[in-house]
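The data block below is data_10.txt; it holds compact mmCIF, C-alpha atoms.
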# COMPACT_ATOMS: atom_id res chain seq x y z
CA MET A 27 -10.95 -17.64 -13.97
CA ILE A 28 -10.95 -17.50 -10.18
CA LYS A 29 -14.06 -16.12 -8.55
CA LEU A 30 -13.11 -13.64 -5.83
CA THR A 31 -15.54 -13.05 -3.02
CA SER A 32 -15.56 -9.92 -0.92
CA VAL A 33 -15.01 -10.32 2.81
CA SER A 34 -15.67 -7.37 5.10
CA ASN A 35 -14.76 -6.64 8.67
CA PRO A 36 -17.47 -7.63 11.16
CA LYS A 37 -18.38 -4.16 12.37
CA PRO A 38 -19.05 -1.87 9.39
CA ALA A 39 -20.04 1.67 10.28
CA ALA A 40 -23.83 1.83 10.54
CA GLY A 41 -24.17 4.82 8.24
CA LEU A 42 -22.52 3.13 5.32
CA GLU A 43 -25.04 0.38 4.72
CA SER A 44 -27.70 2.85 3.64
CA ALA A 45 -25.36 4.11 0.96
CA GLU A 46 -25.54 0.89 -1.03
CA ALA A 47 -26.76 1.25 -4.58
CA SER A 48 -26.33 -0.35 -7.94
CA ALA A 49 -23.22 0.38 -9.96
CA ARG A 50 -23.39 1.31 -13.59
CA PRO A 51 -23.23 -1.59 -16.01
CA VAL A 52 -19.83 -3.08 -16.75
CA GLU A 53 -18.84 -2.33 -20.34
CA ASN A 54 -15.12 -2.93 -20.48
CA ASP A 55 -12.11 -3.56 -18.29
CA ILE A 56 -11.20 0.06 -17.64
CA SER A 57 -13.19 2.14 -15.20
CA SER A 58 -13.55 5.87 -15.73
CA GLY A 59 -11.56 8.24 -13.59
CA ALA A 60 -12.57 11.74 -12.60
CA GLN A 61 -10.61 14.88 -11.88
CA GLY A 62 -13.02 16.17 -9.24
CA THR A 63 -14.31 19.70 -9.09
CA ASP A 64 -10.89 21.38 -9.24
CA SER A 65 -9.37 20.86 -12.67
CA ASP A 66 -5.94 22.39 -12.00
CA ASP A 67 -3.27 20.10 -13.38
CA SER A 68 -0.14 19.57 -11.39
CA ARG A 69 3.19 20.64 -12.89
CA SER A 70 4.59 17.56 -11.19
CA LEU A 71 2.29 15.45 -13.35
CA LYS A 72 3.94 16.88 -16.44
CA TYR A 73 7.52 16.42 -15.26
CA LEU A 74 7.43 13.29 -13.15
CA CYS A 75 5.06 10.89 -14.85
CA ALA A 76 5.99 8.55 -17.64
CA ALA A 77 3.72 8.34 -20.63
CA GLY A 78 3.37 5.52 -23.09
CA ARG A 79 5.73 2.69 -23.75
CA ALA A 80 9.44 2.25 -23.36
CA GLU A 81 11.90 -0.50 -24.17
CA PRO A 82 12.07 -3.11 -21.41
CA ARG A 83 15.47 -3.68 -19.87
CA GLY A 84 17.00 -6.36 -17.71
CA PRO A 85 17.04 -6.35 -13.91
CA ARG A 86 19.78 -4.56 -11.97
CA ALA A 87 21.64 -6.07 -9.06
CA ALA A 88 20.25 -4.79 -5.78
CA PHE A 89 19.00 -5.93 -2.41
CA GLU A 90 16.53 -3.51 -0.94
CA SER A 91 13.33 -1.82 -2.03
CA VAL A 92 15.37 1.14 -3.17
CA ILE A 93 16.68 -0.66 -6.21
CA GLY A 94 20.18 0.04 -7.46
CA PRO A 95 22.84 2.40 -6.14
CA THR A 96 20.66 5.52 -6.09
CA ASP A 97 17.28 6.35 -4.61
CA ASP A 98 15.38 8.12 -7.37
CA ARG A 99 12.20 8.99 -5.50
CA VAL A 100 11.13 12.63 -5.80
CA ARG A 101 8.94 14.40 -3.27
CA VAL A 102 5.62 15.65 -4.60
CA LEU A 103 4.95 19.13 -3.21
CA ASP A 104 1.71 20.08 -4.95
CA THR A 105 -0.29 17.30 -3.32
CA ASP A 106 -3.44 19.41 -3.35
CA LEU A 107 -3.62 19.07 -7.14
CA TYR A 108 -4.76 16.29 -9.46
CA PRO A 109 -3.79 13.45 -9.43
CA TRP A 110 -1.69 13.56 -6.23
CA ARG A 111 -4.62 14.56 -4.01
CA MET A 112 -6.33 11.27 -4.90
CA ILE A 113 -3.47 9.47 -3.12
CA CYS A 114 -3.98 9.18 0.64
CA ALA A 115 -1.66 8.74 3.61
CA LEU A 116 -3.08 5.99 5.83
CA ARG A 117 -2.66 5.33 9.54
CA MET A 118 -4.04 1.97 10.57
CA HIS A 119 -4.83 1.02 14.16
CA ALA A 120 -5.77 -2.38 15.54
CA ASP A 121 -7.37 -3.64 18.73
CA ASN A 122 -4.06 -5.27 19.73
CA GLY A 123 -2.49 -1.80 20.04
CA VAL A 124 -0.47 -1.96 16.83
CA SER A 125 -0.36 1.09 14.55
CA THR A 126 0.99 1.05 11.00
CA ILE A 127 1.48 3.35 8.01
CA GLY A 128 0.33 2.74 4.45
CA THR A 129 -1.06 4.36 1.31
CA GLY A 130 -4.40 4.25 -0.49
CA TRP A 131 -6.04 5.82 -3.55
CA LEU A 132 -9.51 6.89 -4.53
CA VAL A 133 -11.31 4.75 -7.08
CA GLY A 134 -14.78 6.17 -6.49
CA PRO A 135 -16.49 8.93 -4.53
CA ARG A 136 -16.47 6.96 -1.26
CA THR A 137 -14.07 4.12 -2.03
CA ILE A 138 -10.33 3.84 -1.29
CA ILE A 139 -8.29 0.94 -2.65
CA THR A 140 -5.22 -0.21 -0.74
CA ALA A 141 -3.25 -3.38 -0.06
CA GLY A 142 -5.08 -6.20 1.67
CA HIS A 143 -2.53 -6.19 4.48
CA CYS A 144 -3.46 -2.58 5.29
CA VAL A 145 -6.95 -3.69 6.31
CA TYR A 146 -6.39 -7.33 7.34
CA SER A 147 -3.18 -8.89 8.62
CA THR A 148 -2.46 -11.69 11.03
CA TYR A 149 1.18 -10.53 11.00
CA TYR A 150 0.40 -7.13 12.49
CA PHE A 151 -3.20 -6.80 13.58
CA GLY A 152 -4.15 -10.32 14.53
CA GLY A 153 -6.94 -9.94 11.96
CA TRP A 154 -8.81 -6.82 10.86
CA ALA A 155 -7.65 -3.28 11.52
CA SER A 156 -10.06 -1.45 13.81
CA THR A 157 -9.80 2.12 12.48
CA ILE A 158 -7.98 3.75 9.59
CA GLU A 159 -7.22 7.46 9.24
CA VAL A 160 -7.34 8.59 5.61
CA SER A 161 -5.50 11.83 4.75
CA PRO A 162 -5.84 12.72 1.03
CA GLY A 163 -2.83 14.55 -0.40
CA ARG A 164 -1.08 14.86 2.96
CA ASN A 165 1.97 17.09 2.65
CA GLY A 166 4.10 16.81 5.77
CA SER A 167 2.34 18.63 8.59
CA GLU A 168 -0.08 20.18 6.10
CA LEU A 169 -3.42 18.50 5.57
CA PRO A 170 -4.88 20.12 2.44
CA PHE A 171 -8.06 18.07 2.86
CA GLU A 172 -9.85 16.85 5.96
CA THR A 173 -8.69 13.53 7.39
CA LYS A 174 -11.47 10.94 7.43
CA ILE A 175 -11.68 8.00 9.81
CA SER A 176 -13.18 4.74 8.63
CA THR A 177 -14.13 1.56 10.47
CA SER A 178 -15.50 -0.24 7.40
CA PHE A 179 -13.09 -2.34 5.32
CA SER A 180 -13.18 -5.17 2.83
CA SER A 181 -10.76 -7.57 1.21
CA VAL A 182 -11.12 -10.73 -0.85
CA ASP A 183 -11.54 -14.27 0.45
CA ARG A 184 -8.20 -15.42 -0.97
CA TRP A 185 -6.37 -12.77 1.07
CA VAL A 186 -8.27 -13.25 4.32
CA GLN A 187 -7.99 -17.05 4.16
CA SER A 188 -4.33 -17.43 3.20
CA GLU A 189 -2.70 -13.98 2.88
CA ASP A 190 -1.51 -14.95 -0.58
CA PRO A 191 0.54 -12.03 -2.04
CA ASP A 192 -1.21 -12.49 -5.39
CA PHE A 193 -4.48 -11.44 -3.75
CA ASP A 194 -3.20 -8.67 -1.47
CA ILE A 195 -6.09 -6.29 -2.17
CA GLY A 196 -8.11 -4.20 0.26
CA CYS A 197 -10.78 -1.55 0.34
CA ILE A 198 -11.68 1.24 2.76
CA HIS A 199 -15.29 2.43 2.67
CA LEU A 200 -15.87 6.10 3.50
CA ALA A 201 -19.04 7.68 4.83
CA GLU A 202 -18.57 10.88 2.79
CA PRO A 203 -18.11 11.21 -0.99
CA ILE A 204 -14.76 13.00 -0.90
CA GLY A 205 -14.05 11.83 -4.45
CA ASP A 206 -16.70 14.20 -5.75
CA THR A 207 -14.29 17.01 -4.89
CA LEU A 208 -10.91 15.28 -5.17
CA GLY A 209 -11.57 12.98 -8.13
CA TRP A 210 -10.69 9.32 -8.48
CA PHE A 211 -8.39 7.16 -10.52
CA ALA A 212 -9.41 5.05 -13.46
CA ALA A 213 -8.40 1.42 -13.00
CA GLY A 214 -7.73 -0.98 -15.81
CA SER A 215 -6.93 -4.57 -16.60
CA ILE A 216 -4.06 -4.59 -19.11
CA THR A 217 -2.75 -7.82 -20.61
CA PRO A 218 0.73 -9.00 -19.55
CA ASP A 219 2.10 -8.52 -23.07
CA GLU A 220 0.90 -4.93 -23.20
CA LEU A 221 2.05 -4.17 -19.68
CA ALA A 222 5.60 -5.41 -20.28
CA GLY A 223 6.41 -2.42 -22.46
CA TYR A 224 5.24 0.31 -20.12
CA GLN A 225 6.94 2.46 -17.58
CA VAL A 226 4.91 2.57 -14.38
CA ASN A 227 4.45 5.31 -11.80
CA VAL A 228 4.25 4.69 -8.05
CA SER A 229 3.51 7.47 -5.55
CA GLY A 230 2.90 6.99 -1.87
CA TYR A 231 3.91 7.75 1.69
CA PRO A 232 7.18 6.00 2.69
CA SER A 233 8.22 5.86 6.32
CA ASP A 234 11.89 6.63 5.75
CA ARG A 235 11.17 10.20 4.68
CA GLY A 236 8.85 12.34 6.75
CA ASN A 237 7.62 9.34 8.74
CA GLY A 238 4.88 8.58 6.24
CA THR A 239 3.61 12.15 5.95
CA GLU A 240 5.32 13.17 2.68
CA GLN A 241 4.36 11.88 -0.74
CA TYR A 242 7.14 10.50 -2.97
CA HIS A 243 6.97 9.48 -6.60
CA HIS A 244 9.16 7.41 -8.89
CA ARG A 245 8.64 5.90 -12.31
CA ASN A 246 10.58 3.26 -14.17
CA GLN A 247 10.42 0.09 -16.19
CA VAL A 248 8.21 -2.92 -15.81
CA LEU A 249 10.63 -5.85 -15.47
CA HIS A 250 8.37 -8.88 -15.35
CA VAL A 251 4.67 -9.70 -15.46
CA THR A 252 2.95 -12.85 -14.28
CA ASP A 253 -0.70 -13.81 -14.37
CA ARG A 254 -1.34 -11.96 -11.14
CA ARG A 255 1.67 -9.78 -10.31
CA VAL A 256 3.66 -7.01 -11.96
CA PHE A 257 7.33 -6.48 -11.04
CA TYR A 258 9.07 -3.16 -11.63
CA ASP A 259 12.29 -1.24 -11.15
CA VAL A 260 10.68 1.50 -9.10
CA ASP A 261 12.12 2.66 -5.78
CA THR A 262 9.75 2.34 -2.83
CA PHE A 263 9.90 1.87 0.94
CA GLY A 264 7.76 0.59 3.79
CA GLY A 265 4.65 2.75 4.08
CA GLN A 266 3.99 2.75 0.33
CA SER A 267 1.96 -0.44 0.54
CA GLY A 268 -1.36 0.16 -1.16
CA ALA A 269 -0.04 2.90 -3.44
CA PRO A 270 -1.38 3.09 -6.99
CA VAL A 271 0.81 1.68 -9.76
CA TRP A 272 -0.28 3.49 -12.87
CA ILE A 273 0.45 4.07 -16.53
CA HIS A 274 -0.35 6.79 -19.03
CA GLU A 275 -1.29 5.36 -22.39
CA GLU A 276 0.06 8.47 -24.12
CA VAL A 277 1.26 11.96 -23.29
CA GLY A 278 -1.54 13.90 -21.64
CA ALA A 279 -3.72 10.84 -21.16
CA PRO A 280 -5.25 10.34 -17.71
CA PRO A 281 -3.60 7.89 -15.32
CA ILE A 282 -4.84 4.30 -15.31
CA VAL A 283 -4.05 2.23 -12.23
CA ILE A 284 -2.93 -1.28 -13.19
CA GLY A 285 -1.67 -2.56 -9.83
CA ILE A 286 -1.64 -2.05 -6.08
CA HIS A 287 1.90 -1.70 -4.73
CA ALA A 288 2.49 -4.18 -1.93
CA TYR A 289 5.92 -5.88 -1.85
CA GLY A 290 9.62 -5.10 -1.82
CA VAL A 291 12.36 -7.14 -3.39
CA GLY A 292 12.19 -10.11 -0.99
CA GLY A 293 10.81 -13.27 -2.51
CA SER A 294 10.65 -12.08 -6.11
CA PRO A 295 10.76 -15.02 -8.55
CA GLY A 296 14.02 -16.19 -10.06
CA GLY A 297 16.14 -13.85 -8.02
CA LEU A 298 14.58 -10.86 -9.76
CA GLN A 299 15.47 -7.60 -7.99
CA ALA A 300 12.16 -5.84 -8.30
CA ASN A 301 9.34 -4.46 -6.22
CA SER A 302 5.89 -5.71 -7.05
CA ALA A 303 2.13 -5.31 -7.00
CA PRO A 304 -0.87 -7.55 -7.43
CA ARG A 305 -2.21 -6.72 -10.89
CA ILE A 306 -5.67 -5.41 -11.55
CA ILE A 307 -6.96 -8.36 -13.52
CA PRO A 308 -10.57 -8.78 -14.66
CA GLU A 309 -11.56 -10.54 -11.41
CA VAL A 310 -10.14 -7.65 -9.40
CA MET A 311 -11.92 -5.13 -11.62
CA THR A 312 -15.18 -6.93 -10.92
CA GLN A 313 -14.48 -6.79 -7.20
CA ILE A 314 -13.61 -3.08 -7.31
CA ARG A 315 -16.86 -2.38 -9.13
CA GLU A 316 -18.78 -4.26 -6.43
CA TRP A 317 -17.09 -2.26 -3.68
CA VAL A 318 -17.79 1.04 -5.40
CA ALA A 319 -21.41 -0.08 -5.86
CA ARG A 320 -21.66 -0.87 -2.16
CA ASP A 321 -20.54 2.68 -1.46
CA GLY A 322 -23.14 4.24 -3.73
CA GLY A 323 -21.58 3.73 -7.16
CA TRP A 324 -20.02 6.11 -9.63
CA PRO A 325 -22.18 9.03 -10.82
CA SER A 326 -24.22 8.00 -13.85
CA ALA A 327 -22.44 10.57 -16.01
CA GLN A 328 -19.14 8.69 -15.53
CA MET B 5 1.15 -9.71 21.93
CA GLY B 6 -2.47 -10.74 22.42
CA GLY B 7 -3.47 -9.90 18.88
CA ALA B 8 -0.40 -11.57 17.49
CA ARG B 9 -1.27 -14.79 19.31
CA ARG B 10 -4.73 -14.72 17.79
CA GLY B 11 -3.12 -14.43 14.40
CA LEU B 12 -0.75 -17.28 15.14
CA ALA B 13 -3.61 -19.58 15.93
CA GLU B 14 -5.31 -18.81 12.64
CA CYS B 15 -2.42 -19.02 10.24
CA THR B 16 -1.19 -22.07 8.39
CA VAL B 17 2.49 -21.07 8.11
CA ASN B 18 4.66 -21.36 11.21
CA ARG B 19 5.34 -17.95 12.65
CA ALA B 20 7.16 -16.82 15.72
CA PRO B 21 6.70 -13.67 17.81
CA VAL B 22 9.35 -11.02 17.27
CA ARG B 23 9.83 -8.10 19.64
CA ILE B 24 11.53 -5.06 18.15
CA ALA B 25 12.79 -2.41 20.56
CA VAL B 26 14.03 0.90 19.15
CA VAL B 27 16.44 2.93 21.30
CA ASP B 28 18.59 5.98 20.68
CA ALA B 29 22.36 6.21 21.10
CA HIS B 30 21.89 6.73 24.85
CA GLY B 31 19.72 3.66 25.24
CA ARG B 32 16.48 5.61 25.64
CA SER B 33 13.36 4.18 24.06
CA VAL B 34 12.08 5.88 20.89
CA PRO B 35 8.26 6.05 20.76
CA GLU B 36 6.56 6.58 17.40
CA ALA B 37 9.59 5.38 15.46
CA THR B 38 8.71 3.90 12.08
CA VAL B 39 9.95 0.37 11.45
CA SER B 40 9.80 -1.54 8.19
CA VAL B 41 11.41 -4.49 6.47
CA VAL B 42 14.18 -3.34 4.13
CA ALA B 43 15.31 -6.81 3.07
CA SER B 44 13.93 -10.29 3.52
CA SER B 45 14.28 -13.76 2.13
CA ALA B 46 10.52 -14.05 1.66
CA PRO B 47 7.84 -11.74 0.28
CA PHE B 48 7.07 -9.19 2.92
CA PRO B 49 4.56 -6.35 2.77
CA GLU B 50 5.85 -2.80 2.38
CA ILE B 51 3.94 -1.54 5.36
CA ALA B 52 5.57 0.53 8.12
CA MET B 53 4.92 -0.10 11.80
CA LEU B 54 5.02 2.41 14.62
CA THR B 55 6.61 1.73 18.00
CA ASP B 56 4.48 2.23 21.08
CA GLU B 57 5.14 4.62 23.96
CA PHE B 58 7.91 2.29 25.17
CA GLY B 59 9.65 2.19 21.78
CA VAL B 60 8.50 -1.39 21.21
CA LEU B 61 6.47 -3.24 18.63
CA GLU B 62 5.64 -6.91 18.35
CA LEU B 63 4.66 -8.96 15.35
CA LEU B 64 4.67 -12.48 14.00
CA LEU B 65 7.18 -13.53 11.37
CA PRO B 66 7.62 -16.67 9.30
CA GLU B 67 10.93 -18.50 9.03
CA GLY B 68 13.56 -16.47 7.21
CA ARG B 69 16.18 -13.77 7.41
CA PHE B 70 14.99 -10.21 7.85
CA THR B 71 16.56 -6.77 7.97
CA PHE B 72 14.46 -4.13 9.68
CA GLY B 73 15.10 -0.41 9.35
CA ALA B 74 13.93 2.13 11.94
CA HIS B 75 13.54 5.88 11.60
CA GLY B 76 13.19 8.18 14.60
CA SER B 77 12.83 11.92 14.80
CA ALA B 78 15.38 14.32 13.29
CA ASP B 79 16.25 11.77 10.57
CA ARG B 80 17.92 9.41 13.03
CA LYS B 81 17.95 5.91 11.62
CA GLY B 82 19.36 2.45 12.14
CA GLN B 83 18.83 -1.13 11.10
CA ALA B 84 19.34 -4.67 12.33
CA SER B 85 19.24 -8.15 10.79
CA PHE B 86 18.20 -11.40 12.38
CA GLU B 87 17.05 -14.93 11.62
CA CYS B 88 13.59 -16.09 12.57
CA ASP B 89 13.13 -19.85 12.86
CA GLY B 90 9.35 -19.61 12.76
CA GLU B 91 9.05 -21.28 16.17
CA HIS B 92 10.85 -19.40 18.92
CA ALA B 93 10.41 -15.83 20.13
CA THR B 94 13.11 -13.42 18.98
CA GLU B 95 14.31 -10.07 20.31
CA CYS B 96 15.53 -7.51 17.78
CA PRO B 97 17.00 -4.31 19.22
CA ILE B 98 17.57 -1.42 16.81
CA THR B 99 19.63 1.63 17.70
CA VAL B 100 18.92 4.85 15.82
CA GLY B 101 21.45 7.61 15.83
What does the file become when written as structure tokens?
Amino acid sequence: MIKLTSVSNPKPAAGLESAEASARPVENDISSGAQGTDSDDSRSLKYLCAAGRAEPRGPRAAFESVIGPTDDRVRVLDTDLYPWRMICALRMHADNGVSTIGTGWLVGPRTIITAGHCVYSTYYFGGWASTIEVSPGRNGSELPFETKISTSFSSVDRWVQSEDPDFDIGCIHLAEPIGDTLGWFAAGSITPDELAGYQVNVSGYPSDRGNGTEQYHHRNQVLHVTDRRVFYDVDTFGGQSGAPVWIHEEVGAPPIVIGIHAYGVGGSPGGLQANSAPRIIPEVMTQIREWVARDGGWPSAQ
Amino acid sequence: MGGARRGLAECTVNRAPVRIAVVDAHGRSVPEATVSVVASSAPFPEIAMLTDEFGVLELLLPEGRFTFGAHGSADRKGQASFECDGEHATECPITVG
């Protein structure tokens, strides 16, 4: 087992340090999610999301992140409802003048998980991002919830040192507990054998439609699972980096995030035509728990 | 490119600066266009970049072949492919229309 160590940007917002507290004890490899204070279920959740297992199938020939001859992404319109409102449009800015678009998701009251390259990238930022705008449930020009700006980010040592795609994991720390109202996703470490039979859901903010302001969802088969990555036949596009990759264990069950979407087809092993995510493995679960603890922890009732 | 040079000094893989300029069919620069990799020979993050007020963005790329797609306002889009040798600066113009 590899020990991951959190690395944070050098200038965390002053107000956040006082929010540190102990997390609840770790009991298993699935954290509890929460629906927030508004319990309205989205009709889109019923119609768009896959539940339970499906038969795996072989890869299809394709070249781009939109895999196959058709783009099957569907726009989510009720982004103010659970679980879509827990998915956030991100705008990252860096001191070198570069601005980028990505996606993040709530995993605790004050904690957003995203891809590591959304908070730290030598490709784009020359290091750490300087500020990130977080817009939960953004729906085009409509902002159903207030946009928050954070200057406090974390990643893991393996990402910051080598930008290894297997460790492309990042965290945005918020000053306010917006998850108390919006809810947060459960995250879980599922074994490769179990994961291979699932359909996965990915929803985020692609740049090719609405310039990263509209949320799009697609679900499809898991094609391949390695120790650290999950590869799937789900259509995505640039801007969806950091989006949650989730399953439903059965119809009506709450979503469980099992990966953090980060990569398109390029570089997939064995010529596999699939998009991919670093998996939430036990080491990543431990790290997520530490980040949530730093931000004040989950409520004790969770 | 100041930030990109800082990144270049820190990284262990050879990377070269790439300058992407997005223009419309009349050759005018397109600020705030979104640019992302739509195909590459190496793993590349699915992030989208925004052009600056001059329709330009700069980043560092490793050796490989890349296709970038750009989206401007009113659903105007375009794409361009190029090879990066990981050593020399590359220009990549993209016309959206």
List every protein, DNA or RNA residue that has an atom no more than 6 Å from (0.7, 21.5, -1.6) in the file's coordinate frame, counting only C-alpha atoms, and report them as a ChimeraX atom specification.
/A:103-106
Mind running chain A against chain B at 10 Å and telling me each contacting residue's nearest atom pair with the distance in Å (one decimal), counting all atoms listed in the file, chain and number ascending, as a Markdown table?
| residue | atom | partner | partner_atom | distance |
| --- | --- | --- | --- | --- |
| A:Phe89 | CA | B:Ala43 | CA | 6.7 |
| A:Glu90 | CA | B:Ala43 | CA | 5.3 |
| A:Ser91 | CA | B:Val42 | CA | 6.4 |
| A:Val92 | CA | B:Val42 | CA | 8.6 |
| A:Arg117 | CA | B:Met53 | CA | 9.6 |
| A:Met118 | CA | B:Met53 | CA | 9.3 |
| A:His119 | CA | B:Leu54 | CA | 10.0 |
| A:Ala120 | CA | B:Gly7 | CA | 8.5 |
| A:Asp121 | CA | B:Gly7 | CA | 7.4 |
| A:Asn122 | CA | B:Gly7 | CA | 4.7 |
| A:Gly123 | CA | B:Asp56 | CA | 8.1 |
| A:Val124 | CA | B:Leu61 | CA | 7.3 |
| A:Ser125 | CA | B:Leu54 | CA | 5.5 |
| A:Thr126 | CA | B:Met53 | CA | 4.2 |
| A:Ile127 | CA | B:Ala52 | CA | 5.0 |
| A:Gly128 | CA | B:Ile51 | CA | 5.7 |
| A:Thr129 | CA | B:Ile51 | CA | 8.7 |
| A:Ala141 | CA | B:Pro49 | CA | 8.8 |
| A:Gly142 | CA | B:Pro49 | CA | 9.7 |
| A:His143 | CA | B:Pro49 | CA | 7.3 |
| A:Cys144 | CA | B:Ile51 | CA | 7.5 |
| A:Ser147 | CA | B:Gly11 | CA | 8.0 |
| A:Thr148 | CA | B:Gly11 | CA | 4.4 |
| A:Tyr149 | CA | B:Leu64 | CA | 5.0 |
| A:Tyr150 | CA | B:Leu63 | CA | 5.4 |
| A:Phe151 | CA | B:Gly7 | CA | 6.1 |
| A:Gly152 | CA | B:Gly11 | CA | 4.2 |
| A:Gly153 | CA | B:Gly11 | CA | 6.4 |
| A:Gln187 | CA | B:Cys15 | CA | 8.5 |
| A:Ser188 | CA | B:Cys15 | CA | 7.5 |
| A:Glu189 | CA | B:Cys15 | CA | 8.9 |
| A:Asp190 | CA | B:Pro47 | CA | 9.9 |
| A:Pro191 | CA | B:Pro47 | CA | 7.7 |
| A:Asp194 | CA | B:Pro49 | CA | 9.1 |
| A:Tyr231 | CA | B:Ala52 | CA | 9.8 |
| A:Pro232 | CA | B:Ala52 | CA | 7.9 |
| A:Ser233 | CA | B:Thr38 | CA | 6.1 |
| A:Asp234 | CA | B:His75 | CA | 6.1 |
| A:Arg235 | CA | B:Asp79 | CA | 7.9 |
| A:Gly236 | CA | B:Asp79 | CA | 8.3 |
| A:Asn237 | CA | B:Thr38 | CA | 6.5 |
| A:Gly238 | CA | B:Ala52 | CA | 8.3 |
| A:Thr262 | CA | B:Glu50 | CA | 8.3 |
| A:Phe263 | CA | B:Glu50 | CA | 6.3 |
| A:Gly264 | CA | B:Glu50 | CA | 4.1 |
| A:Gly265 | CA | B:Ile51 | CA | 4.5 |
| A:Gln266 | CA | B:Glu50 | CA | 6.2 |
| A:Ser267 | CA | B:Glu50 | CA | 4.9 |
| A:Gly268 | CA | B:Glu50 | CA | 8.6 |
| A:His287 | CA | B:Glu50 | CA | 8.2 |
| A:Ala288 | CA | B:Pro49 | CA | 5.6 |
| A:Tyr289 | CA | B:Pro49 | CA | 4.8 |
| A:Gly290 | CA | B:Glu50 | CA | 6.1 |
| A:Val291 | CA | B:Ala43 | CA | 7.1 |
| A:Gly292 | CA | B:Pro47 | CA | 4.8 |
| A:Gly293 | CA | B:Ala46 | CA | 4.3 |
| A:Ser294 | CA | B:Pro47 | CA | 7.0 |
| A:Pro295 | CA | B:Pro47 | CA | 9.9 |
| A:Asn301 | CA | B:Glu50 | CA | 9.4 |
| A:Ser302 | CA | B:Pro47 | CA | 9.7 |
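Relative to atom CA of B:Val100, atom CA of B:Ser85 is found at 13.9 Å.
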When distances are computed from all atoms listed in the file, which of A:Arg254, A:Arg245, A:Arg136, A:Arg101 shows the smallest separation from A:Ser215?
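Counting all atoms listed in the file, the residue closest to A:Ser215 is A:Arg254.
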One decimal, in Å: what's the spacing between atom CA of A:Arg69 and atom CA of A:Trp131?
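According to the coordinates, atom CA of A:Arg69 and atom CA of A:Trp131 are separated by 19.8 Å.
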